[in-house]
Amino acid sequence: MKKGFALAQAIEECEKQLASAVKKLYGIASLPAKVEVSKQFGDLSFPCFPLASQAKKNPNEIAEKITQYLNAFYGLGGKQYAEKVEAVGGYVNFFLNDGYHAQSVEEALDKDFGGGEEGKGKKAVVEFSSPNMGKPMHVGHIRSTILGDAIALGLRKRGYKVIRSNYLCEAGTQVAKLLLGLKKYKVGAIKDEKQLLDYYIKINAEIDKDEKLEKQVHAILEKMEDGDAATLKQLKTIRKITLKPFKENYAKLGVRFEEEIFDSDFVNEGKKLALEAKEKGIARIEKDGELVAFLEEYGIPNLVILRSNGTTLYSTRDLSLADSRFRIYNPAISVIVTGSDQLMHFKQVYKMLELMGRDYTNRFKHVGFGLIYLEGGKLSSRKGNVFFLEDLLDDAIESASAQIRGRETMGKKEIKGIAQTIGVGSIKFGFLRVSNAKNITFNPEKAVSFEGDTGAYVQYNAVRAKNILRKAGGNTKASVPKNTQFNDAERKVSFMLSLYPDVARRVSENFEPHALCDYLLKLSAAFSEFYEKCPVVQSEGAERQKRLAIVAATLNAIESGLSLLGITVPKKM
RNA sequence: GGGCCCGUAGCUCAGCCUGGAUAGAGCGUCCCCCCCCUAAGGGGAAGGCCCCGCGUUCGAAUCGCGGCGGGCCCGCCA
């Protein structure tokens with residue numbers, strides 16, 4: 001028997017039966033609708049409306065006739081998965097039997113449940129997080145970081161060898177402005193990255209007022225790109241100061257990278273590509289001296305790829321980054337995760353590369369997500385309207401820690417570890433459960449709440465499952481005994497379990513982890529109901545064995561699902 | 001002006017890609033439940049012109065067109 005396909009097999013069976021009924025009753029060769037997961041009655045359903053218009057008959061009547069035919073012709077014993085067929089309001093509804101539920105639970109016990117092999121032997125690069133140097137990370141950075149990580153984890157679960165890449169920007173005007181500020185205010189020793197932010201805000205205010213300062217910024221950029229020793233030394237200092245807190249945040253988040261790259265390393269190659277574009281007639285120098293790629297005939301705005309003083313832009317360095325990435329790794333898929341404000345930018349860059357004859361451009365995918373706003377308005381380092389990532393994580397951890405202290409007795413160190421798992425898990429879940437396209441208005445109080453539709457709720461259900469298994473003395477291998485009956489609560493759980501492989505696959509195909517969050521909440525809710533209604537530890541015999549299997553399977557599915565989101569389950573909570 | 005995205009309950013969001021039954025969750029409000037594997041829980045109630053209009057269809061929150069409201073992008077920021 002194939003793994004992970006109870007649902008697909010059941011649908012196939014129902015469709016086969018329906019097809020033969022429809023052919024016999026109405027002489028129609030192929031089913032004009034699909035069997036779908038039922039929203040209302042039964043488990044699977046088949047709408048008879050398209051058939052009704054084809055056969056020019058009443059859908060209610062058709063549903064009745066088909067149901068009669070199925071019951072008479074196949075009988076209940078003739079079907080492997082359906083135990084009952086009913087006609088309601090133009091639908092044929094199928095009720096799945098205990099065999100289905102048993103198979104579903106068995107499949108969910110597999111340690112690779114929800115995995116896939118389509119990426120086997122292939123590489124995938126996922127570029128995400130990518131904060132700018134010289135500033136602390138704020139809540140705006142979290143979305144790329146956790147979404148990118150989830151995408152990377154999803155690809156890995158499909159068998160890809162994944163390279164997680166953090167592209168750090170220090171070659172742009174932001175850092176140049178910062179350097180100008182440090183020079184202007186005669187700053188000696190720098191304490192930390194937050195102090196850098198203060199200077200950054202200050203110098204920006206001045207530049208806004210005084211145009212001449214802009215020229216000085218460009219002069220610094222020239223020095224940076226020419227490899228001026230003193231400037232490079234300053235860059236090194238900024239790297240050192242900025243990277244340390246970055247790493248602390250990543251450690252708290254549990255996010256790792258296989259690669260850490262700096263945009264300054266793509267300056268020279270970028271210039272070469274800009275010239276290549278010029279030679280190929282894609283770009284030309286405009287009257288003010290800047291080099292512009294002409295993309296308007298493709299319905300895309302033109303793109304400046306070199307400043308008039310010859311220095312590179314974000315666009316220039318991205319051309320080079322793309323080229324080098326495909327040269328070095330030759331990935332089957334290369335994903336970049338950024339705010340959706342950069343959608344056009346990547347369209348432009350990859351259109352250029354396509355025009356320049358690169359054959360890898362169709363393996364590139366940009367995942368854009370909506371912006372994060374604070375209640376006071378848009379996040380802006382420049383204007384100082386920020387909420388530091390560090391503070392958000394610490395608040396969440398503290399909030400979780402306070403709750404644990406009220407319910408479990410354990411050592412300080414253990415509390416800290418579990419509080420981090422719960423606090424950080426809920427933050428991740430809270431952001432990931434919103435669909436990518438949507439903007440998020442960040443609410444600090446809600447972010448540290450653990451009730452209702454939260455990551456903690458999902459974790460909590462997994463912990464309850466663990467407790468049951470522990471109390472039951474879990475040295476027996478879980479499996480469903482033959483011919484066991486499932487009650488309604490048990491069936492809800494097992495049916496939810498059978499939906500998991502599709503959800504997991506879809507999420508890593510679409511890069512939309514929010515669907516998985518939604519699923520995990522539903523699975524958790526089903527398990528909660530089961531937990532209330534079906535005692536496990538006190539039950540006996542086959543009943544106990546079946547319930548233990550359901551518990552173990554649910555735990556497996558939750559842990560697997562959460563792991564795709566970069567979230568783990570604590571031992572207790 | 002052009003392009004992309006969003007608009008669903010008081011609030012925060014699923015559902016839209018792939019049209020299907022009485023549009024779902026959570027928070028908040030109101031009511032009930034710890035004999036029992038952790039109440040970070042469960043059960044129930046109230047709460048919806050699915051932004052508006054037109055079209056396609058047996059059937060539209062879902063698809064198409066036209067509006068309205070909000071966000072973002074559109075020449076040397078990233």
# chains A, B, ... in the order shown; residues from 1 in each chain; ligands from 1
>>> interface_residues(of="chain B", to="chain A", cutoff="9 Å", atoms="only C-alpha atoms (C1' of nucleotides)", output="mmCIF file with N, CA and C atoms (P, O5', C5', C4', C3', O3' and C1' of nucleotides), in the first residue's frame")
data_model
loop_
_atom_site.group_PDB
_atom_site.id
_atom_site.type_symbol
_atom_site.label_atom_id
_atom_site.label_comp_id
_atom_site.auth_asym_id
_atom_site.auth_seq_id
_atom_site.Cartn_x
_atom_site.Cartn_y
_atom_site.Cartn_z
ATOM 1 P P G B 3 -2.738 50.058 -15.594
ATOM 2 O "O5'" G B 3 -1.644 49.269 -14.760
ATOM 3 C "C5'" G B 3 -0.664 48.470 -15.419
ATOM 4 C "C4'" G B 3 0.359 47.990 -14.433
ATOM 5 C "C3'" G B 3 -0.174 47.165 -13.269
ATOM 6 O "O3'" G B 3 -0.426 45.831 -13.640
ATOM 7 C "C1'" G B 3 1.344 48.764 -12.447
ATOM 8 P P C B 4 -1.584 45.013 -12.892
ATOM 9 O "O5'" C B 4 -0.917 44.635 -11.497
ATOM 10 C "C5'" C B 4 0.139 43.696 -11.427
ATOM 11 C "C4'" C B 4 0.693 43.625 -10.019
ATOM 12 C "C3'" C B 4 -0.309 43.290 -8.927
ATOM 13 O "O3'" C B 4 -0.601 41.909 -8.851
ATOM 14 C "C1'" C B 4 0.985 45.124 -8.227
ATOM 15 P P C B 5 -2.081 41.478 -8.391
ATOM 16 O "O5'" C B 5 -2.088 41.807 -6.831
ATOM 17 C "C5'" C B 5 -1.254 41.079 -5.935
ATOM 18 C "C4'" C B 5 -1.264 41.717 -4.567
ATOM 19 C "C3'" C B 5 -2.607 41.767 -3.861
ATOM 20 O "O3'" C B 5 -2.963 40.515 -3.296
ATOM 21 C "C1'" C B 5 -1.537 43.839 -3.608
ATOM 22 P P C B 6 -4.509 40.156 -3.085
ATOM 23 O "O5'" C B 6 -4.917 41.097 -1.865
ATOM 24 C "C5'" C B 6 -4.503 40.800 -0.543
ATOM 25 C "C4'" C B 6 -4.926 41.905 0.389
ATOM 26 C "C3'" C B 6 -6.424 42.105 0.537
ATOM 27 O "O3'" C B 6 -7.004 41.181 1.427
ATOM 28 C "C1'" C B 6 -5.400 44.197 0.222
ATOM 29 P P C B 13 -4.901 41.747 10.632
ATOM 30 O "O5'" C B 13 -5.092 40.168 10.580
ATOM 31 C "C5'" C B 13 -5.578 39.510 9.448
ATOM 32 C "C4'" C B 13 -5.785 38.079 9.830
ATOM 33 C "C3'" C B 13 -6.192 37.162 8.697
ATOM 34 O "O3'" C B 13 -5.051 36.748 7.975
ATOM 35 C "C1'" C B 13 -7.576 36.761 10.570
ATOM 36 P P A B 14 -5.224 36.221 6.497
ATOM 37 O "O5'" A B 14 -5.633 34.741 6.844
ATOM 38 C "C5'" A B 14 -6.753 34.193 6.219
ATOM 39 C "C4'" A B 14 -6.917 32.775 6.646
ATOM 40 C "C3'" A B 14 -7.544 31.938 5.555
ATOM 41 O "O3'" A B 14 -6.559 31.357 4.741
ATOM 42 C "C1'" A B 14 -8.861 31.810 7.508
ATOM 43 P P G B 20 -16.567 26.586 -4.021
ATOM 44 O "O5'" G B 20 -18.054 26.023 -4.111
ATOM 45 C "C5'" G B 20 -19.171 26.883 -3.872
ATOM 46 C "C4'" G B 20 -20.417 26.070 -3.627
ATOM 47 C "C3'" G B 20 -20.214 24.899 -2.688
ATOM 48 O "O3'" G B 20 -21.343 24.821 -1.835
ATOM 49 C "C1'" G B 20 -21.076 24.134 -4.767
ATOM 50 P P A B 21 -21.339 25.813 -0.576
ATOM 51 O "O5'" A B 21 -22.762 25.422 -0.004
ATOM 52 C "C5'" A B 21 -23.959 25.805 -0.685
ATOM 53 C "C4'" A B 21 -25.086 24.995 -0.120
ATOM 54 C "C3'" A B 21 -25.291 25.161 1.381
ATOM 55 O "O3'" A B 21 -26.682 25.041 1.657
ATOM 56 C "C1'" A B 21 -24.787 22.905 0.904
ATOM 57 P P U B 22 -27.524 26.390 1.740
ATOM 58 O "O5'" U B 22 -27.026 27.013 3.126
ATOM 59 C "C5'" U B 22 -27.448 28.319 3.499
ATOM 60 C "C4'" U B 22 -27.017 28.586 4.917
ATOM 61 C "C3'" U B 22 -25.502 28.503 5.161
ATOM 62 O "O3'" U B 22 -25.134 29.519 6.081
ATOM 63 C "C1'" U B 22 -26.648 27.021 6.604
ATOM 64 P P A B 25 -16.749 27.723 13.704
ATOM 65 O "O5'" A B 25 -15.235 27.771 14.179
ATOM 66 C "C5'" A B 25 -14.695 28.964 14.592
ATOM 67 C "C4'" A B 25 -13.216 28.880 14.635
ATOM 68 C "C3'" A B 25 -12.676 29.734 15.754
ATOM 69 O "O3'" A B 25 -12.523 28.944 16.916
ATOM 70 C "C1'" A B 25 -11.747 30.464 13.713
ATOM 71 P P G B 26 -13.077 29.471 18.300
ATOM 72 O "O5'" G B 26 -11.979 30.554 18.684
ATOM 73 C "C5'" G B 26 -10.637 30.139 18.902
ATOM 74 C "C4'" G B 26 -9.722 31.325 18.880
ATOM 75 C "C3'" G B 26 -10.113 32.460 19.814
ATOM 76 O "O3'" G B 26 -9.653 32.217 21.128
ATOM 77 C "C1'" G B 26 -9.623 33.342 17.685
ATOM 78 P P C B 27 -10.441 32.785 22.358
ATOM 79 O "O5'" C B 27 -10.164 34.351 22.240
ATOM 80 C "C5'" C B 27 -8.861 34.871 22.462
ATOM 81 C "C4'" C B 27 -8.848 36.361 22.206
ATOM 82 C "C3'" C B 27 -9.865 37.164 23.010
ATOM 83 O "O3'" C B 27 -9.393 37.441 24.311
ATOM 84 C "C1'" C B 27 -9.948 37.838 20.744
ATOM 85 P P C B 36 -10.230 15.157 39.645
ATOM 86 O "O5'" C B 36 -10.222 14.198 38.375
ATOM 87 C "C5'" C B 36 -9.601 12.909 38.427
ATOM 88 C "C4'" C B 36 -9.598 12.326 37.047
ATOM 89 C "C3'" C B 36 -8.813 13.139 36.022
ATOM 90 O "O3'" C B 36 -7.439 12.775 36.062
ATOM 91 C "C1'" C B 36 -10.929 12.547 35.114
ATOM 92 P P C B 37 -6.355 13.989 35.805
ATOM 93 O "O5'" C B 37 -5.745 13.455 34.438
ATOM 94 C "C5'" C B 37 -4.929 12.287 34.463
ATOM 95 C "C4'" C B 37 -4.150 12.197 33.190
ATOM 96 C "C3'" C B 37 -3.748 13.539 32.574
ATOM 97 O "O3'" C B 37 -2.524 13.948 33.127
ATOM 98 C "C1'" C B 37 -4.480 11.953 30.916
ATOM 99 P P U B 38 -1.817 15.363 32.782
ATOM 100 O "O5'" U B 38 -2.996 16.443 32.504
ATOM 101 C "C5'" U B 38 -3.727 17.013 33.563
ATOM 102 C "C4'" U B 38 -3.673 18.527 33.471
ATOM 103 C "C3'" U B 38 -4.421 19.120 32.275
ATOM 104 O "O3'" U B 38 -5.322 20.116 32.755
ATOM 105 C "C1'" U B 38 -2.254 20.046 32.449
ATOM 106 P P A B 40 -4.222 26.151 31.659
ATOM 107 O "O5'" A B 40 -4.331 26.651 30.162
ATOM 108 C "C5'" A B 40 -5.003 27.864 29.851
ATOM 109 C "C4'" A B 40 -4.495 28.350 28.526
ATOM 110 C "C3'" A B 40 -4.613 27.307 27.425
ATOM 111 O "O3'" A B 40 -4.867 27.951 26.172
ATOM 112 C "C1'" A B 40 -2.345 27.866 27.731
ATOM 113 P P G B 41 -6.398 28.037 25.692
ATOM 114 O "O5'" G B 41 -6.991 26.594 26.047
ATOM 115 C "C5'" G B 41 -6.552 25.446 25.327
ATOM 116 C "C4'" G B 41 -7.297 24.237 25.805
ATOM 117 C "C3'" G B 41 -8.771 24.208 25.451
ATOM 118 O "O3'" G B 41 -8.972 23.785 24.121
ATOM 119 C "C1'" G B 41 -8.533 23.667 27.728
ATOM 120 P P G B 42 -10.191 24.339 23.319
ATOM 121 O "O5'" G B 42 -11.385 23.499 23.932
ATOM 122 C "C5'" G B 42 -11.405 22.092 23.813
ATOM 123 C "C4'" G B 42 -12.609 21.538 24.504
ATOM 124 C "C3'" G B 42 -13.931 22.125 24.046
ATOM 125 O "O3'" G B 42 -14.394 21.533 22.856
ATOM 126 C "C1'" G B 42 -13.861 22.110 26.400
ATOM 127 P P C B 58 -26.121 27.958 -17.120
ATOM 128 O "O5'" C B 58 -26.820 27.712 -15.712
ATOM 129 C "C5'" C B 58 -28.222 27.799 -15.582
ATOM 130 C "C4'" C B 58 -28.631 27.368 -14.201
ATOM 131 C "C3'" C B 58 -27.892 28.062 -13.073
ATOM 132 O "O3'" C B 58 -28.517 29.291 -12.737
ATOM 133 C "C1'" C B 58 -27.826 25.732 -12.704
ATOM 134 P P G B 59 -27.603 30.564 -12.500
ATOM 135 O "O5'" G B 59 -26.841 30.169 -11.171
ATOM 136 C "C5'" G B 59 -27.555 30.141 -9.933
ATOM 137 C "C4'" G B 59 -26.673 29.623 -8.839
ATOM 138 C "C3'" G B 59 -25.407 30.435 -8.589
ATOM 139 O "O3'" G B 59 -25.681 31.530 -7.742
ATOM 140 C "C1'" G B 59 -24.874 28.126 -8.667
ATOM 141 P P G B 71 -2.796 54.722 2.498
ATOM 142 O "O5'" G B 71 -1.950 53.402 2.265
ATOM 143 C "C5'" G B 71 -1.488 52.641 3.380
ATOM 144 C "C4'" G B 71 -0.803 51.394 2.891
ATOM 145 C "C3'" G B 71 0.346 51.625 1.921
ATOM 146 O "O3'" G B 71 1.535 52.016 2.582
ATOM 147 C "C1'" G B 71 -1.019 49.875 1.116
ATOM 148 P P C B 72 2.564 52.971 1.856
ATOM 149 O "O5'" C B 72 3.195 52.042 0.730
ATOM 150 C "C5'" C B 72 4.057 50.976 1.086
ATOM 151 C "C4'" C B 72 4.307 50.098 -0.103
ATOM 152 C "C3'" C B 72 5.013 50.753 -1.278
ATOM 153 O "O3'" C B 72 6.405 50.868 -1.060
ATOM 154 C "C1'" C B 72 3.214 49.473 -2.087
ATOM 155 P P C B 73 7.193 52.074 -1.687
ATOM 156 O "O5'" C B 73 7.303 51.629 -3.221
ATOM 157 C "C5'" C B 73 8.069 50.497 -3.589
ATOM 158 C "C4'" C B 73 7.893 50.227 -5.057
ATOM 159 C "C3'" C B 73 8.195 51.389 -5.992
ATOM 160 O "O3'" C B 73 9.584 51.573 -6.193
ATOM 161 C "C1'" C B 73 6.183 50.386 -6.652
ATOM 162 P P C B 74 10.105 53.019 -6.500
ATOM 163 O "O5'" C B 74 9.556 53.287 -7.973
ATOM 164 C "C5'" C B 74 10.205 52.738 -9.102
ATOM 165 C "C4'" C B 74 9.415 53.056 -10.343
ATOM 166 C "C3'" C B 74 9.328 54.523 -10.728
ATOM 167 O "O3'" C B 74 10.522 54.979 -11.335
ATOM 168 C "C1'" C B 74 7.212 53.551 -10.944
ATOM 169 P P G B 75 11.040 56.414 -11.099
ATOM 170 O "O5'" G B 75 12.588 56.322 -11.426
ATOM 171 C "C5'" G B 75 13.497 55.633 -10.565
ATOM 172 C "C4'" G B 75 14.872 56.157 -10.851
ATOM 173 C "C3'" G B 75 15.029 57.653 -10.627
ATOM 174 O "O3'" G B 75 16.322 57.928 -10.125
ATOM 175 C "C1'" G B 75 15.447 57.140 -12.899
ATOM 176 P P C B 76 16.306 58.873 -8.800
ATOM 177 O "O5'" C B 76 17.619 58.370 -8.091
ATOM 178 C "C5'" C B 76 17.828 56.980 -7.872
ATOM 179 C "C4'" C B 76 19.220 56.610 -8.268
ATOM 180 C "C3'" C B 76 20.310 57.350 -7.509
ATOM 181 O "O3'" C B 76 20.615 56.658 -6.327
ATOM 182 C "C1'" C B 76 20.810 57.285 -9.825
ATOM 183 P P C B 77 20.366 57.370 -4.947
ATOM 184 O "O5'" C B 77 19.148 56.463 -4.491
ATOM 185 C "C5'" C B 77 19.336 55.094 -4.233
ATOM 186 C "C4'" C B 77 19.037 54.836 -2.782
ATOM 187 C "C3'" C B 77 19.182 53.394 -2.359
ATOM 188 O "O3'" C B 77 20.520 53.123 -2.024
ATOM 189 C "C1'" C B 77 17.133 54.262 -1.574
ATOM 190 P P A B 78 21.198 51.758 -2.503
ATOM 191 O "O5'" A B 78 20.427 50.681 -1.638
ATOM 192 C "C5'" A B 78 20.556 50.645 -0.225
ATOM 193 C "C4'" A B 78 19.526 49.697 0.322
ATOM 194 C "C3'" A B 78 19.543 48.308 -0.307
ATOM 195 O "O3'" A B 78 20.488 47.476 0.326
ATOM 196 C "C1'" A B 78 17.335 49.136 -0.322
#
>>> residues_around(residues="A45 in chain B", least_positions_apart="3", cutoff="12 Å", atoms="only C-alpha atoms (C1' of nucleotides)", output="ChimeraX atom specification")
/B:29-32
>>> residues_around(residues="Leu180 in chain A", least_positions_apart="2", cutoff="9 Å", atoms="only C-alpha atoms (C1' of nucleotides)", output="CSV table (one decimal) with C-alpha atoms, in the first residue's frame")
chain,number,residue,atom,x,y,z
A,175,VAL,CA,25.9,52.7,5.6
A,176,ALA,CA,27.6,55.5,3.7
A,177,LYS,CA,25.3,58.0,5.5
A,178,LEU,CA,26.1,56.4,8.8
A,182,LEU,CA,30.2,59.2,12.5
A,183,LYS,CA,32.7,61.5,10.9
A,184,LYS,CA,30.7,64.6,11.3
A,185,TYR,CA,29.9,64.0,15.0
A,203,ILE,CA,22.4,62.4,10.1
A,213,LEU,CA,25.5,66.4,2.3
A,216,GLN,CA,29.4,63.8,0.6
A,217,VAL,CA,27.5,60.5,0.9
A,220,ILE,CA,32.0,58.1,0.6
>>> select_by_dssp(residues="range 135-374 of chain A", states="alpha helix (DSSP H)", output="ChimeraX atom specification")
/A:139-157,173-184,193-209,212-226,229-253,267-279,314-328,343-355
>>> closest_residue(among="A:Arg358, A:Lys477, A:Arg505, A:Lys233", to="Leu109 in chain A", atoms="only C-alpha atoms")
A:Lys477
>>> select_by_dssp(residues="range 30-179 of chain A", states="strand (DSSP E)", output="PyMOL selection string")
chain A and resi 36-37+44-47+82-88+91-96+123-127+161-168
>>> write_last_selection(atoms="N, CA and C atoms", output="compact mmCIF listing (two decimals), in the first residue's frame")
# COMPACT_ATOMS: atom_id res chain seq x y z
N GLU A 36 -15.11 15.95 -3.44
CA GLU A 36 -14.35 16.88 -2.61
C GLU A 36 -14.53 16.56 -1.13
N VAL A 37 -13.63 17.12 -0.33
CA VAL A 37 -13.78 16.99 1.11
C VAL A 37 -15.03 17.76 1.50
N LEU A 44 -16.86 12.95 2.43
CA LEU A 44 -16.58 13.34 1.05
C LEU A 44 -17.91 13.59 0.36
N SER A 45 -17.91 14.47 -0.61
CA SER A 45 -19.18 14.71 -1.28
C SER A 45 -18.98 14.97 -2.76
N PHE A 46 -20.06 14.68 -3.46
CA PHE A 46 -20.07 14.84 -4.91
C PHE A 46 -21.28 15.69 -5.29
N PRO A 47 -21.06 16.89 -5.84
CA PRO A 47 -22.17 17.75 -6.25
C PRO A 47 -22.73 17.29 -7.59
N ALA A 82 -15.92 3.62 1.98
CA ALA A 82 -17.16 4.25 2.37
C ALA A 82 -18.04 3.27 3.11
N GLU A 83 -18.66 3.72 4.20
CA GLU A 83 -19.55 2.81 4.91
C GLU A 83 -21.00 3.21 4.69
N LYS A 84 -21.19 4.42 4.17
CA LYS A 84 -22.56 4.89 4.00
C LYS A 84 -22.57 5.94 2.90
N VAL A 85 -23.64 5.91 2.10
CA VAL A 85 -23.81 6.94 1.07
C VAL A 85 -25.18 7.54 1.26
N GLU A 86 -25.24 8.87 1.20
CA GLU A 86 -26.52 9.56 1.42
C GLU A 86 -26.71 10.65 0.39
N ALA A 87 -27.95 10.87 0.02
CA ALA A 87 -28.25 11.98 -0.89
C ALA A 87 -28.89 13.11 -0.09
N VAL A 88 -28.29 14.30 -0.18
CA VAL A 88 -28.87 15.48 0.47
C VAL A 88 -28.72 16.69 -0.44
N TYR A 91 -26.47 16.62 -3.42
CA TYR A 91 -25.14 16.07 -3.20
C TYR A 91 -25.22 14.59 -2.89
N VAL A 92 -24.20 13.86 -3.31
CA VAL A 92 -24.03 12.49 -2.83
C VAL A 92 -22.94 12.55 -1.78
N ASN A 93 -23.31 12.21 -0.56
CA ASN A 93 -22.35 12.29 0.54
C ASN A 93 -21.85 10.93 0.96
N PHE A 94 -20.54 10.81 1.08
CA PHE A 94 -19.92 9.56 1.48
C PHE A 94 -19.43 9.66 2.92
N PHE A 95 -19.73 8.62 3.68
CA PHE A 95 -19.23 8.54 5.05
C PHE A 95 -18.15 7.48 5.08
N LEU A 96 -16.97 7.84 5.58
CA LEU A 96 -15.85 6.91 5.54
C LEU A 96 -15.91 5.94 6.72
N LYS A 123 19.40 21.00 -5.48
CA LYS A 123 19.72 22.05 -4.52
C LYS A 123 18.69 23.17 -4.59
N ALA A 124 18.49 23.82 -3.46
CA ALA A 124 17.64 25.00 -3.42
C ALA A 124 18.34 26.05 -2.57
N VAL A 125 18.33 27.28 -3.05
CA VAL A 125 18.86 28.38 -2.25
C VAL A 125 17.69 29.22 -1.78
N VAL A 126 17.68 29.55 -0.51
CA VAL A 126 16.65 30.46 0.00
C VAL A 126 17.36 31.64 0.65
N GLU A 127 17.15 32.80 0.07
CA GLU A 127 17.76 34.01 0.64
C GLU A 127 16.71 34.74 1.44
N LYS A 161 18.40 19.73 -1.03
CA LYS A 161 19.51 20.19 -0.20
C LYS A 161 19.43 21.71 -0.21
N VAL A 162 19.18 22.29 0.96
CA VAL A 162 18.86 23.71 1.03
C VAL A 162 20.03 24.54 1.54
N ILE A 163 20.32 25.61 0.84
CA ILE A 163 21.31 26.57 1.31
C ILE A 163 20.57 27.82 1.74
N ARG A 164 20.58 28.07 3.04
CA ARG A 164 19.94 29.28 3.55
C ARG A 164 20.96 30.41 3.52
N SER A 165 20.60 31.47 2.87
CA SER A 165 21.56 32.53 2.62
C SER A 165 21.10 33.85 3.23
N ASN A 166 22.00 34.47 3.96
CA ASN A 166 21.70 35.78 4.54
C ASN A 166 22.55 36.81 3.81
N TYR A 167 21.88 37.70 3.10
CA TYR A 167 22.57 38.67 2.25
C TYR A 167 22.60 40.00 2.98
N LEU A 168 23.76 40.35 3.45
CA LEU A 168 23.87 41.52 4.32
C LEU A 168 24.34 42.75 3.54
>>> atom_distance(atom1="C1' of U12 in chain B", atom2="CA of Glu390 in chain A")
23.5 Å
>>> residues_around(residues="G55 in chain B", least_positions_apart="6", cutoff="12 Å", atoms="only C-alpha atoms (C1' of nucleotides)", output="ChimeraX atom specification")
/B:63-66
>>> write_last_selection(atoms="N, CA and C atoms (P, O5', C5', C4', C3', O3' and C1' of nucleotides)", output="PDB file, in the first residue's frame")
ATOM      1  P     C B  63     -11.365  35.009  -7.404  1.00  0.00           P
ATOM      2  O5'   C B  63     -11.871  34.778  -8.911  1.00  0.00           O
ATOM      3  C5'   C B  63     -11.380  33.700  -9.682  1.00  0.00           C
ATOM      4  C4'   C B  63     -11.990  33.750 -11.064  1.00  0.00           C
ATOM      5  C3'   C B  63     -12.093  35.140 -11.685  1.00  0.00           C
ATOM      6  O3'   C B  63     -10.868  35.519 -12.283  1.00  0.00           O
ATOM      7  C1'   C B  63     -14.152  34.018 -11.927  1.00  0.00           C
ATOM      8  P     G B  64     -10.474  37.077 -12.312  1.00  0.00           P
ATOM      9  O5'   G B  64     -11.412  37.656 -13.453  1.00  0.00           O
ATOM     10  C5'   G B  64     -11.251  37.240 -14.806  1.00  0.00           C
ATOM     11  C4'   G B  64     -12.201  38.012 -15.676  1.00  0.00           C
ATOM     12  C3'   G B  64     -12.193  39.524 -15.453  1.00  0.00           C
ATOM     13  O3'   G B  64     -11.160  40.146 -16.182  1.00  0.00           O
ATOM     14  C1'   G B  64     -14.419  38.741 -15.469  1.00  0.00           C
ATOM     15  P     C B  65     -10.583  41.532 -15.659  1.00  0.00           P
ATOM     16  O5'   C B  65     -11.739  42.574 -16.003  1.00  0.00           O
ATOM     17  C5'   C B  65     -12.061  42.887 -17.348  1.00  0.00           C
ATOM     18  C4'   C B  65     -13.274  43.777 -17.385  1.00  0.00           C
ATOM     19  C3'   C B  65     -13.178  45.056 -16.563  1.00  0.00           C
ATOM     20  O3'   C B  65     -12.462  46.077 -17.221  1.00  0.00           O
ATOM     21  C1'   C B  65     -15.257  44.027 -16.146  1.00  0.00           C
ATOM     22  P     G B  66     -11.663  47.151 -16.334  1.00  0.00           P
ATOM     23  O5'   G B  66     -12.830  48.028 -15.718  1.00  0.00           O
ATOM     24  C5'   G B  66     -13.700  48.752 -16.581  1.00  0.00           C
ATOM     25  C4'   G B  66     -14.762  49.449 -15.784  1.00  0.00           C
ATOM     26  C3'   G B  66     -14.244  50.237 -14.589  1.00  0.00           C
ATOM     27  O3'   G B  66     -13.702  51.488 -14.977  1.00  0.00           O
ATOM     28  C1'   G B  66     -16.120  48.963 -13.927  1.00  0.00           C
TER      29        G B  66
END
>>> closest_residue(among="A:Ala150, A:Lys209, A:Lys111, A:Asp226", to="Leu516 in chain A", atoms="only C-alpha atoms")
A:Ala150
>>> residues_around(residues="Val367 in chain A", least_positions_apart="2", cutoff="8 Å", atoms="only C-alpha atoms (C1' of nucleotides)", output="list in words")
Val335, Ile336, Val337, Thr338, Ser340, Lys365, Phe369 and Phe511 of chain A
>>> write_last_selection(atoms="C-alpha atoms", output="PDB file, in the first residue's frame")
ATOM      1  CA  VAL A 335      14.007  31.796  -3.665  1.00  0.00           C
ATOM      2  CA  ILE A 336      14.365  35.326  -2.363  1.00  0.00           C
ATOM      3  CA  VAL A 337      12.089  36.380   0.466  1.00  0.00           C
ATOM      4  CA  THR A 338      11.563  40.117   0.892  1.00  0.00           C
ATOM      5  CA  SER A 340       6.451  42.986  -1.508  1.00  0.00           C
ATOM      6  CA  LYS A 365      11.206  32.846  -7.425  1.00  0.00           C
ATOM      7  CA  PHE A 369       5.113  39.631   1.843  1.00  0.00           C
ATOM      8  CA  PHE A 511       5.518  29.071  -0.204  1.00  0.00           C
TER       9      PHE A 511
END
